[in-house]
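As stored in input_35.cif (mmCIF, N, CA and C atoms):
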data_final
#
loop_
_atom_site.label_atom_id
_atom_site.label_comp_id
_atom_site.auth_asym_id
_atom_site.auth_seq_id
_atom_site.Cartn_x
_atom_site.Cartn_y
_atom_site.Cartn_z
N GLN A 1 39.88 -12.19 -68.43
CA GLN A 1 39.33 -13.24 -67.61
C GLN A 1 38.46 -14.18 -68.42
N VAL A 2 38.40 -15.41 -67.98
CA VAL A 2 37.59 -16.43 -68.62
C VAL A 2 36.63 -17.01 -67.58
N GLN A 3 35.40 -17.18 -67.96
CA GLN A 3 34.42 -17.81 -67.08
C GLN A 3 34.01 -19.15 -67.67
N LEU A 4 33.89 -20.14 -66.83
CA LEU A 4 33.45 -21.47 -67.24
C LEU A 4 32.17 -21.83 -66.50
N GLU A 5 31.22 -22.35 -67.22
CA GLU A 5 29.95 -22.73 -66.60
C GLU A 5 29.58 -24.13 -67.02
N GLU A 6 29.44 -25.01 -66.04
CA GLU A 6 29.05 -26.39 -66.30
C GLU A 6 27.54 -26.55 -66.21
N SER A 7 27.05 -27.56 -66.88
CA SER A 7 25.64 -27.93 -66.79
C SER A 7 25.52 -29.42 -67.08
N GLY A 8 24.37 -29.98 -66.70
CA GLY A 8 24.10 -31.36 -67.07
C GLY A 8 24.21 -32.38 -65.96
N GLY A 9 24.61 -31.95 -64.77
CA GLY A 9 24.69 -32.91 -63.67
C GLY A 9 23.30 -33.34 -63.22
N GLY A 10 23.29 -34.32 -62.32
CA GLY A 10 22.01 -34.77 -61.80
C GLY A 10 22.13 -36.12 -61.12
N LEU A 11 20.97 -36.73 -60.91
CA LEU A 11 20.90 -38.03 -60.25
C LEU A 11 20.56 -39.09 -61.29
N VAL A 12 21.30 -40.18 -61.26
CA VAL A 12 21.08 -41.25 -62.23
C VAL A 12 21.34 -42.59 -61.53
N GLN A 13 20.69 -43.62 -62.00
CA GLN A 13 20.92 -44.95 -61.44
C GLN A 13 22.20 -45.54 -62.02
N ALA A 14 22.79 -46.44 -61.27
CA ALA A 14 23.99 -47.12 -61.75
C ALA A 14 23.69 -47.79 -63.09
N GLY A 15 24.64 -47.67 -64.00
CA GLY A 15 24.46 -48.21 -65.34
C GLY A 15 23.90 -47.20 -66.33
N GLY A 16 23.44 -46.10 -65.81
CA GLY A 16 22.85 -45.07 -66.66
C GLY A 16 23.90 -44.13 -67.25
N SER A 17 23.40 -43.08 -67.91
CA SER A 17 24.26 -42.14 -68.61
C SER A 17 23.90 -40.70 -68.26
N LEU A 18 24.89 -39.84 -68.34
CA LEU A 18 24.70 -38.41 -68.20
C LEU A 18 25.66 -37.71 -69.13
N SER A 19 25.29 -36.52 -69.56
CA SER A 19 26.18 -35.73 -70.40
C SER A 19 26.39 -34.38 -69.74
N LEU A 20 27.64 -34.02 -69.51
CA LEU A 20 27.99 -32.73 -68.95
C LEU A 20 28.47 -31.81 -70.06
N SER A 21 28.19 -30.54 -69.88
CA SER A 21 28.64 -29.56 -70.85
C SER A 21 29.26 -28.37 -70.11
N CYS A 22 30.22 -27.74 -70.75
CA CYS A 22 30.89 -26.58 -70.17
C CYS A 22 31.10 -25.55 -71.27
N VAL A 23 30.67 -24.34 -71.00
CA VAL A 23 30.85 -23.27 -71.98
C VAL A 23 31.79 -22.23 -71.40
N ALA A 24 32.75 -21.80 -72.20
CA ALA A 24 33.70 -20.78 -71.80
C ALA A 24 33.28 -19.44 -72.38
N SER A 25 33.39 -18.40 -71.57
CA SER A 25 33.05 -17.05 -72.03
C SER A 25 34.10 -16.07 -71.51
N GLY A 26 34.08 -14.89 -72.07
CA GLY A 26 35.06 -13.90 -71.67
C GLY A 26 36.17 -13.81 -72.70
N ARG A 27 37.40 -13.76 -72.25
CA ARG A 27 38.53 -13.59 -73.15
C ARG A 27 38.96 -14.94 -73.72
N THR A 28 38.14 -15.45 -74.63
CA THR A 28 38.40 -16.77 -75.21
C THR A 28 38.84 -16.66 -76.66
N SER A 29 39.63 -15.65 -76.96
CA SER A 29 40.03 -15.44 -78.34
C SER A 29 40.96 -16.55 -78.83
N ARG A 30 41.62 -17.23 -77.90
CA ARG A 30 42.48 -18.35 -78.29
C ARG A 30 41.89 -19.63 -77.73
N THR A 31 42.11 -20.72 -78.44
CA THR A 31 41.63 -22.00 -77.92
C THR A 31 42.54 -22.44 -76.78
N SER A 32 42.02 -23.25 -75.93
CA SER A 32 42.74 -23.68 -74.74
C SER A 32 42.65 -25.18 -74.57
N ARG A 33 43.54 -25.69 -73.78
CA ARG A 33 43.32 -27.07 -73.36
C ARG A 33 42.20 -27.04 -72.33
N MET A 34 41.38 -28.07 -72.32
CA MET A 34 40.25 -28.11 -71.41
C MET A 34 40.14 -29.50 -70.81
N GLY A 35 39.67 -29.53 -69.60
CA GLY A 35 39.61 -30.81 -68.91
C GLY A 35 38.44 -30.88 -67.96
N TRP A 36 38.17 -32.09 -67.51
CA TRP A 36 37.18 -32.36 -66.48
C TRP A 36 37.89 -33.03 -65.31
N PHE A 37 37.55 -32.54 -64.14
CA PHE A 37 38.06 -33.11 -62.90
C PHE A 37 36.86 -33.35 -61.99
N ARG A 38 37.04 -34.15 -60.96
CA ARG A 38 35.95 -34.39 -60.03
C ARG A 38 36.47 -34.49 -58.61
N GLN A 39 35.57 -34.21 -57.69
CA GLN A 39 35.93 -34.29 -56.28
C GLN A 39 34.78 -34.90 -55.50
N ALA A 40 35.05 -36.03 -54.89
CA ALA A 40 34.06 -36.69 -54.05
C ALA A 40 34.25 -36.21 -52.61
N PRO A 41 33.21 -36.34 -51.78
CA PRO A 41 33.31 -35.89 -50.39
C PRO A 41 34.49 -36.54 -49.66
N GLY A 42 35.31 -35.72 -49.03
CA GLY A 42 36.44 -36.23 -48.26
C GLY A 42 37.63 -36.66 -49.08
N LYS A 43 37.57 -36.42 -50.40
CA LYS A 43 38.68 -36.84 -51.26
C LYS A 43 39.28 -35.64 -51.99
N GLU A 44 40.48 -35.87 -52.50
CA GLU A 44 41.14 -34.83 -53.29
C GLU A 44 40.49 -34.73 -54.67
N ARG A 45 40.65 -33.58 -55.29
CA ARG A 45 40.17 -33.42 -56.65
C ARG A 45 41.03 -34.30 -57.56
N GLU A 46 40.36 -35.02 -58.46
CA GLU A 46 41.09 -35.93 -59.34
C GLU A 46 40.76 -35.70 -60.80
N PHE A 47 41.70 -36.06 -61.62
CA PHE A 47 41.57 -35.93 -63.06
C PHE A 47 40.56 -36.93 -63.60
N VAL A 48 39.78 -36.50 -64.58
CA VAL A 48 38.83 -37.38 -65.26
C VAL A 48 39.18 -37.52 -66.74
N ALA A 49 39.20 -36.40 -67.45
CA ALA A 49 39.49 -36.43 -68.88
C ALA A 49 39.95 -35.04 -69.31
N ALA A 50 40.70 -34.99 -70.41
CA ALA A 50 41.17 -33.71 -70.91
C ALA A 50 41.42 -33.79 -72.40
N THR A 51 41.38 -32.63 -73.03
CA THR A 51 41.64 -32.54 -74.46
C THR A 51 42.56 -31.36 -74.74
N SER A 52 43.42 -31.53 -75.72
CA SER A 52 44.32 -30.46 -76.11
C SER A 52 43.52 -29.36 -76.81
N SER A 53 44.17 -28.25 -77.09
CA SER A 53 43.47 -27.12 -77.69
C SER A 53 42.88 -27.46 -79.05
N SER A 54 43.53 -28.30 -79.79
CA SER A 54 43.02 -28.68 -81.12
C SER A 54 42.00 -29.80 -81.05
N GLY A 55 41.99 -30.49 -79.92
CA GLY A 55 41.11 -31.65 -79.80
C GLY A 55 41.76 -32.92 -80.33
N GLY A 56 42.99 -32.80 -80.80
CA GLY A 56 43.67 -33.95 -81.38
C GLY A 56 44.17 -34.94 -80.35
N THR A 57 44.38 -34.46 -79.14
CA THR A 57 44.83 -35.32 -78.05
C THR A 57 43.75 -35.37 -76.98
N LYS A 58 43.38 -36.56 -76.59
CA LYS A 58 42.40 -36.75 -75.52
C LYS A 58 42.94 -37.83 -74.58
N ILE A 59 42.87 -37.56 -73.31
CA ILE A 59 43.34 -38.54 -72.34
C ILE A 59 42.29 -38.75 -71.27
N TYR A 60 42.32 -39.91 -70.65
CA TYR A 60 41.31 -40.28 -69.66
C TYR A 60 41.97 -40.93 -68.45
N ALA A 61 41.35 -40.76 -67.31
CA ALA A 61 41.76 -41.51 -66.13
C ALA A 61 41.43 -42.97 -66.38
N ASP A 62 42.23 -43.86 -65.82
CA ASP A 62 41.99 -45.29 -66.01
C ASP A 62 40.59 -45.69 -65.52
N SER A 63 40.14 -45.03 -64.48
CA SER A 63 38.85 -45.39 -63.88
C SER A 63 37.65 -45.09 -64.78
N VAL A 64 37.83 -44.24 -65.79
CA VAL A 64 36.69 -43.90 -66.65
C VAL A 64 36.93 -44.31 -68.10
N LYS A 65 38.11 -44.80 -68.40
CA LYS A 65 38.44 -45.15 -69.78
C LYS A 65 37.45 -46.18 -70.31
N GLY A 66 36.95 -45.94 -71.51
CA GLY A 66 35.99 -46.85 -72.11
C GLY A 66 34.55 -46.54 -71.76
N ARG A 67 34.34 -45.69 -70.75
CA ARG A 67 32.99 -45.33 -70.33
C ARG A 67 32.67 -43.86 -70.59
N PHE A 68 33.68 -43.01 -70.46
CA PHE A 68 33.48 -41.57 -70.65
C PHE A 68 34.13 -41.12 -71.95
N THR A 69 33.55 -40.10 -72.57
CA THR A 69 34.10 -39.54 -73.79
C THR A 69 34.09 -38.02 -73.70
N ILE A 70 35.26 -37.41 -73.92
CA ILE A 70 35.35 -35.95 -73.92
C ILE A 70 35.36 -35.46 -75.36
N SER A 71 34.68 -34.35 -75.60
CA SER A 71 34.67 -33.76 -76.92
C SER A 71 34.60 -32.25 -76.78
N ARG A 72 34.99 -31.55 -77.82
CA ARG A 72 34.97 -30.10 -77.76
C ARG A 72 34.50 -29.51 -79.07
N ASN A 73 33.96 -28.31 -78.98
CA ASN A 73 33.54 -27.56 -80.15
C ASN A 73 34.17 -26.17 -80.01
N ASN A 74 35.26 -25.96 -80.71
CA ASN A 74 35.99 -24.69 -80.55
C ASN A 74 35.19 -23.50 -81.09
N ALA A 75 34.35 -23.73 -82.06
CA ALA A 75 33.54 -22.64 -82.60
C ALA A 75 32.55 -22.12 -81.55
N LYS A 76 32.12 -23.01 -80.66
CA LYS A 76 31.16 -22.63 -79.62
C LYS A 76 31.80 -22.50 -78.25
N ASN A 77 33.13 -22.70 -78.18
CA ASN A 77 33.84 -22.63 -76.89
C ASN A 77 33.25 -23.56 -75.85
N THR A 78 32.95 -24.76 -76.26
CA THR A 78 32.36 -25.73 -75.34
C THR A 78 33.18 -27.01 -75.28
N VAL A 79 33.08 -27.67 -74.14
CA VAL A 79 33.64 -29.00 -73.98
C VAL A 79 32.59 -29.84 -73.28
N SER A 80 32.45 -31.08 -73.70
CA SER A 80 31.42 -31.95 -73.16
C SER A 80 32.04 -33.23 -72.62
N LEU A 81 31.32 -33.87 -71.74
CA LEU A 81 31.75 -35.15 -71.19
C LEU A 81 30.55 -36.08 -71.20
N GLN A 82 30.58 -37.06 -72.07
CA GLN A 82 29.54 -38.08 -72.12
C GLN A 82 29.95 -39.20 -71.19
N MET A 83 29.08 -39.49 -70.23
CA MET A 83 29.39 -40.49 -69.22
C MET A 83 28.38 -41.64 -69.33
N ASN A 84 28.88 -42.81 -69.65
CA ASN A 84 28.04 -44.00 -69.78
C ASN A 84 28.43 -45.03 -68.73
N SER A 85 27.55 -45.98 -68.54
CA SER A 85 27.81 -47.08 -67.58
C SER A 85 28.27 -46.52 -66.23
N LEU A 86 27.53 -45.57 -65.75
CA LEU A 86 27.93 -44.89 -64.52
C LEU A 86 27.88 -45.84 -63.33
N LYS A 87 28.82 -45.60 -62.41
CA LYS A 87 28.92 -46.40 -61.20
C LYS A 87 28.76 -45.49 -59.98
N ALA A 88 28.45 -46.10 -58.86
CA ALA A 88 28.28 -45.32 -57.64
C ALA A 88 29.54 -44.52 -57.32
N GLU A 89 30.69 -45.09 -57.63
CA GLU A 89 31.96 -44.41 -57.33
C GLU A 89 32.24 -43.22 -58.24
N ASP A 90 31.39 -43.00 -59.24
CA ASP A 90 31.51 -41.81 -60.08
C ASP A 90 30.84 -40.60 -59.42
N THR A 91 30.15 -40.82 -58.32
CA THR A 91 29.48 -39.73 -57.63
C THR A 91 30.50 -38.70 -57.15
N ALA A 92 30.30 -37.46 -57.55
CA ALA A 92 31.24 -36.38 -57.20
C ALA A 92 30.72 -35.07 -57.77
N ILE A 93 31.39 -34.01 -57.40
CA ILE A 93 31.18 -32.74 -58.09
C ILE A 93 32.18 -32.71 -59.24
N TYR A 94 31.67 -32.44 -60.42
CA TYR A 94 32.50 -32.42 -61.62
C TYR A 94 32.80 -30.97 -62.01
N TYR A 95 34.08 -30.71 -62.23
CA TYR A 95 34.54 -29.37 -62.56
C TYR A 95 35.14 -29.33 -63.96
N CYS A 96 34.81 -28.28 -64.67
CA CYS A 96 35.41 -27.99 -65.96
C CYS A 96 36.60 -27.07 -65.71
N ALA A 97 37.67 -27.26 -66.47
CA ALA A 97 38.86 -26.43 -66.31
C ALA A 97 39.45 -26.09 -67.66
N ALA A 98 40.14 -24.96 -67.71
CA ALA A 98 40.75 -24.52 -68.97
C ALA A 98 42.04 -23.75 -68.70
N SER A 99 42.90 -23.75 -69.70
CA SER A 99 44.12 -22.95 -69.59
C SER A 99 44.59 -22.54 -70.97
N TYR A 100 45.12 -21.31 -71.02
CA TYR A 100 45.65 -20.78 -72.27
C TYR A 100 47.16 -20.64 -72.23
N SER A 101 47.76 -21.02 -71.13
CA SER A 101 49.20 -20.84 -70.98
C SER A 101 49.95 -22.07 -71.46
N VAL A 102 51.24 -21.94 -71.59
CA VAL A 102 52.08 -23.05 -72.02
C VAL A 102 52.02 -24.16 -70.97
N ILE A 103 51.85 -25.38 -71.44
CA ILE A 103 51.75 -26.50 -70.51
C ILE A 103 53.10 -26.75 -69.83
N ARG A 104 53.03 -26.97 -68.51
CA ARG A 104 54.28 -27.19 -67.76
C ARG A 104 54.38 -28.62 -67.22
N TYR A 105 53.25 -29.23 -66.92
CA TYR A 105 53.25 -30.55 -66.32
C TYR A 105 52.57 -31.56 -67.27
N SER A 106 51.28 -31.62 -67.26
CA SER A 106 50.57 -32.52 -68.17
C SER A 106 49.11 -32.13 -68.24
N LEU A 107 48.42 -32.69 -69.22
CA LEU A 107 46.99 -32.42 -69.39
C LEU A 107 46.19 -32.87 -68.17
N SER A 108 46.71 -33.81 -67.42
CA SER A 108 45.97 -34.36 -66.29
C SER A 108 46.30 -33.70 -64.96
N ASP A 109 47.16 -32.71 -64.98
CA ASP A 109 47.62 -32.08 -63.75
C ASP A 109 46.83 -30.81 -63.46
N THR A 110 46.23 -30.71 -62.27
CA THR A 110 45.44 -29.52 -61.93
C THR A 110 46.26 -28.25 -62.00
N ARG A 111 47.57 -28.37 -61.78
CA ARG A 111 48.44 -27.18 -61.80
C ARG A 111 48.53 -26.54 -63.17
N ASP A 112 48.11 -27.28 -64.20
CA ASP A 112 48.17 -26.74 -65.55
C ASP A 112 46.86 -26.15 -66.02
N TYR A 113 45.98 -25.84 -65.08
CA TYR A 113 44.70 -25.23 -65.42
C TYR A 113 44.52 -23.95 -64.60
N ASP A 114 44.20 -22.87 -65.30
CA ASP A 114 44.09 -21.57 -64.66
C ASP A 114 42.66 -21.16 -64.33
N TYR A 115 41.71 -21.72 -65.05
CA TYR A 115 40.32 -21.33 -64.88
C TYR A 115 39.47 -22.55 -64.55
N TRP A 116 38.56 -22.35 -63.62
CA TRP A 116 37.71 -23.45 -63.14
C TRP A 116 36.26 -23.00 -63.07
N GLY A 117 35.36 -23.92 -63.38
CA GLY A 117 33.95 -23.65 -63.19
C GLY A 117 33.55 -23.89 -61.75
N GLN A 118 32.28 -23.64 -61.46
CA GLN A 118 31.77 -23.79 -60.10
C GLN A 118 31.47 -25.25 -59.76
N GLY A 119 31.36 -26.08 -60.77
CA GLY A 119 31.10 -27.49 -60.54
C GLY A 119 29.65 -27.86 -60.69
N THR A 120 29.41 -29.10 -61.04
CA THR A 120 28.06 -29.62 -61.15
C THR A 120 28.03 -31.00 -60.48
N GLN A 121 26.98 -31.23 -59.70
CA GLN A 121 26.91 -32.47 -58.92
C GLN A 121 26.42 -33.62 -59.78
N VAL A 122 27.13 -34.73 -59.70
CA VAL A 122 26.69 -35.98 -60.33
C VAL A 122 26.54 -37.00 -59.21
N THR A 123 25.34 -37.56 -59.12
CA THR A 123 25.08 -38.57 -58.10
C THR A 123 24.58 -39.83 -58.77
N VAL A 124 25.25 -40.93 -58.51
CA VAL A 124 24.88 -42.22 -59.09
C VAL A 124 24.40 -43.12 -57.97
N SER A 125 23.16 -43.53 -58.06
CA SER A 125 22.60 -44.39 -57.01
C SER A 125 22.79 -45.85 -57.39
N SER A 126 23.13 -46.65 -56.39
CA SER A 126 23.39 -48.07 -56.66
C SER A 126 22.16 -48.92 -56.37
#
Would it be possible to restate this file's structure as structure tokens?
Amino acid sequence: QVQLEESGGGLVQAGGSLSLSCVASGRTSRTSRMGWFRQAPGKEREFVAATSSSGGTKIYADSVKGRFTISRNNAKNTVSLQMNSLKAEDTAIYYCAASYSVIRYSLSDTRDYDYWGQGTQVTVSS
């Protein structure tokens, strides 16, 4: 089993920045693809950003491209999300996700992630 724990959420004014972090523990002997997803009240969970196991591939949702940056440290089993120029519409619970299995759909597809964190709230006030 793998456990994921997010940290770094909070309240910030529009235009501000926040950094989220996620640490994986448990059976993490192999590197995994890791991603960030978010879910706003009354909406479906949506893709935000993801990175391949090596970190060589990084993809972003169009809505955050140019504002958010995903990075990972495989030695520490962590993945981070730097969020700049935050907007009110970025308000959501942010979830970290990971998978060690062969990819079947894409880095941005929730179906390709087996492990999820509990989520951390990000609130952007306008």
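The interatomic distance for the pair CA of Ser25 (chain A) and CA of Lys43 (chain A) works out to 29.2 Å.
The closest residue to Gly35 (chain A), picked from A:Thr51, A:Ser63, A:Thr91, A:Ser21 and counting all atoms listed in the file, is A:Thr51.
Residues matched by the PyMOL selection byres ((chain A and resi 77-84) around 6) in this structure: A:Gly15, A:Gly16, A:Ser17, A:Leu18, A:Ser19, A:Leu20, A:Ser21, A:Cys22, A:Val23, A:Ala24, A:Arg67, A:Phe68, A:Thr69, A:Ile70, A:Ser71, A:Arg72, A:Asn73, A:Asn74, A:Ala75, A:Lys76, A:Ser85, A:Leu86.
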With N, CA and C atoms retained, could you export that selection as a tab-separated table (two decimals), in the frame of the given file?
chain	number	residue	atom	x	y	z
A	15	GLY	N	24.64	-47.67	-64.00
A	15	GLY	CA	24.46	-48.21	-65.34
A	15	GLY	C	23.90	-47.20	-66.33
A	16	GLY	N	23.44	-46.10	-65.81
A	16	GLY	CA	22.85	-45.07	-66.66
A	16	GLY	C	23.90	-44.13	-67.25
A	17	SER	N	23.40	-43.08	-67.91
A	17	SER	CA	24.26	-42.14	-68.61
A	17	SER	C	23.90	-40.70	-68.26
A	18	LEU	N	24.89	-39.84	-68.34
A	18	LEU	CA	24.70	-38.41	-68.20
A	18	LEU	C	25.66	-37.71	-69.13
A	19	SER	N	25.29	-36.52	-69.56
A	19	SER	CA	26.18	-35.73	-70.40
A	19	SER	C	26.39	-34.38	-69.74
A	20	LEU	N	27.64	-34.02	-69.51
A	20	LEU	CA	27.99	-32.73	-68.95
A	20	LEU	C	28.47	-31.81	-70.06
A	21	SER	N	28.19	-30.54	-69.88
A	21	SER	CA	28.64	-29.56	-70.85
A	21	SER	C	29.26	-28.37	-70.11
A	22	CYS	N	30.22	-27.74	-70.75
A	22	CYS	CA	30.89	-26.58	-70.17
A	22	CYS	C	31.10	-25.55	-71.27
A	23	VAL	N	30.67	-24.34	-71.00
A	23	VAL	CA	30.85	-23.27	-71.98
A	23	VAL	C	31.79	-22.23	-71.40
A	24	ALA	N	32.75	-21.80	-72.20
A	24	ALA	CA	33.70	-20.78	-71.80
A	24	ALA	C	33.28	-19.44	-72.38
A	67	ARG	N	34.34	-45.69	-70.75
A	67	ARG	CA	32.99	-45.33	-70.33
A	67	ARG	C	32.67	-43.86	-70.59
A	68	PHE	N	33.68	-43.01	-70.46
A	68	PHE	CA	33.48	-41.57	-70.65
A	68	PHE	C	34.13	-41.12	-71.95
A	69	THR	N	33.55	-40.10	-72.57
A	69	THR	CA	34.10	-39.54	-73.79
A	69	THR	C	34.09	-38.02	-73.70
A	70	ILE	N	35.26	-37.41	-73.92
A	70	ILE	CA	35.35	-35.95	-73.92
A	70	ILE	C	35.36	-35.46	-75.36
A	71	SER	N	34.68	-34.35	-75.60
A	71	SER	CA	34.67	-33.76	-76.92
A	71	SER	C	34.60	-32.25	-76.78
A	72	ARG	N	34.99	-31.55	-77.82
A	72	ARG	CA	34.97	-30.10	-77.76
A	72	ARG	C	34.50	-29.51	-79.07
A	73	ASN	N	33.96	-28.31	-78.98
A	73	ASN	CA	33.54	-27.56	-80.15
A	73	ASN	C	34.17	-26.17	-80.01
A	74	ASN	N	35.26	-25.96	-80.71
A	74	ASN	CA	35.99	-24.69	-80.55
A	74	ASN	C	35.19	-23.50	-81.09
A	75	ALA	N	34.35	-23.73	-82.06
A	75	ALA	CA	33.54	-22.64	-82.60
A	75	ALA	C	32.55	-22.12	-81.55
A	76	LYS	N	32.12	-23.01	-80.66
A	76	LYS	CA	31.16	-22.63	-79.62
A	76	LYS	C	31.80	-22.50	-78.25
A	85	SER	N	27.55	-45.98	-68.54
A	85	SER	CA	27.81	-47.08	-67.58
A	85	SER	C	28.27	-46.52	-66.23
A	86	LEU	N	27.53	-45.57	-65.75
A	86	LEU	CA	27.93	-44.89	-64.52
A	86	LEU	C	27.88	-45.84	-63.33
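Every residue of region 6-124 of chain A found in helix (DSSP H, G or I) when DSSP is run on the backbone appears here: Ala88, Glu89, Asp90, Thr110, Arg111 and Asp112 of chain A.
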What does the PyMOL selection byres ((chain A and resi 36) around 5) select in this file, as an NGL selection string?
:A and (34-35 or 37-38 or 48-50 or 95-97)
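Straight-line separation from CA of Gln3 (chain A) to CA of Ala92 (chain A): 21.3 Å.
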Cut-off 6.5 Å around (22.5, -49.1, -57.1) with only N, CA and C atoms: residues as a PyMOL selection string
chain A and resi 13-14+124-126
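Counting from CA of Gly66 (chain A), the distance to atom N of Ser99 (chain A) is 24.2 Å.
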Determine, counting all atoms listed in the file, which protein, DNA and RNA residues have an atom within 7 Å of an atom of Ser54 (chain A); residues of the same chain fewer than 3 positions away are not included. Present the result as a PyMOL selection string.
chain A and resi 31-33+51+57
Using N, CA, C and O atoms, give me region 106-121 of chain A from the structure I just pasted, as a tab-separated table (two decimals), in the first residue's frame.
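part.tsv, freshly written:
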chain	number	residue	atom	x	y	z
A	106	SER	N	-4.09	8.11	-19.95
A	106	SER	CA	-3.16	9.24	-20.08
A	106	SER	C	-2.81	9.76	-18.70
A	106	SER	O	-3.48	9.46	-17.71
A	107	LEU	N	-1.79	10.59	-18.65
A	107	LEU	CA	-1.36	11.20	-17.39
A	107	LEU	C	-2.46	12.05	-16.77
A	107	LEU	O	-2.47	12.28	-15.58
A	108	SER	N	-3.37	12.54	-17.58
A	108	SER	CA	-4.40	13.43	-17.09
A	108	SER	C	-5.70	12.73	-16.73
A	108	SER	O	-6.67	13.38	-16.34
A	109	ASP	N	-5.73	11.43	-16.85
A	109	ASP	CA	-6.96	10.67	-16.61
A	109	ASP	C	-6.99	10.10	-15.21
A	109	ASP	O	-6.07	9.38	-14.81
A	110	THR	N	-8.05	10.39	-14.45
A	110	THR	CA	-8.14	9.88	-13.07
A	110	THR	C	-8.09	8.36	-13.01
A	110	THR	O	-7.65	7.79	-12.01
A	111	ARG	N	-8.53	7.71	-14.09
A	111	ARG	CA	-8.55	6.24	-14.11
A	111	ARG	C	-7.16	5.64	-14.08
A	111	ARG	O	-6.99	4.45	-13.81
A	112	ASP	N	-6.15	6.46	-14.36
A	112	ASP	CA	-4.78	5.96	-14.36
A	112	ASP	C	-4.04	6.23	-13.07
A	112	ASP	O	-2.81	6.19	-13.04
A	113	TYR	N	-4.79	6.50	-12.01
A	113	TYR	CA	-4.18	6.73	-10.70
A	113	TYR	C	-4.83	5.81	-9.67
A	113	TYR	O	-6.06	5.75	-9.58
A	114	ASP	N	-4.00	5.10	-8.94
A	114	ASP	CA	-4.48	4.11	-7.98
A	114	ASP	C	-4.52	4.61	-6.55
A	114	ASP	O	-5.25	4.08	-5.73
A	115	TYR	N	-3.71	5.60	-6.25
A	115	TYR	CA	-3.60	6.09	-4.87
A	115	TYR	C	-3.90	7.58	-4.83
A	115	TYR	O	-3.44	8.34	-5.69
A	116	TRP	N	-4.64	7.97	-3.81
A	116	TRP	CA	-5.07	9.36	-3.66
A	116	TRP	C	-4.86	9.83	-2.24
A	116	TRP	O	-5.04	9.07	-1.29
A	117	GLY	N	-4.49	11.10	-2.11
A	117	GLY	CA	-4.41	11.70	-0.79
A	117	GLY	C	-5.78	12.15	-0.32
A	117	GLY	O	-6.77	12.03	-1.05
A	118	GLN	N	-5.82	12.68	0.88
A	118	GLN	CA	-7.08	13.13	1.47
A	118	GLN	C	-7.51	14.50	0.94
A	118	GLN	O	-8.68	14.88	1.08
A	119	GLY	N	-6.58	15.22	0.37
A	119	GLY	CA	-6.89	16.53	-0.19
A	119	GLY	C	-6.54	17.66	0.74
A	119	GLY	O	-6.51	17.51	1.96
A	120	THR	N	-6.27	18.80	0.15
A	120	THR	CA	-5.98	20.01	0.91
A	120	THR	C	-6.76	21.16	0.28
A	120	THR	O	-6.80	21.30	-0.96
A	121	GLN	N	-7.38	21.98	1.13
A	121	GLN	CA	-8.25	23.05	0.64
A	121	GLN	C	-7.43	24.25	0.20
A	121	GLN	O	-6.55	24.72	0.94
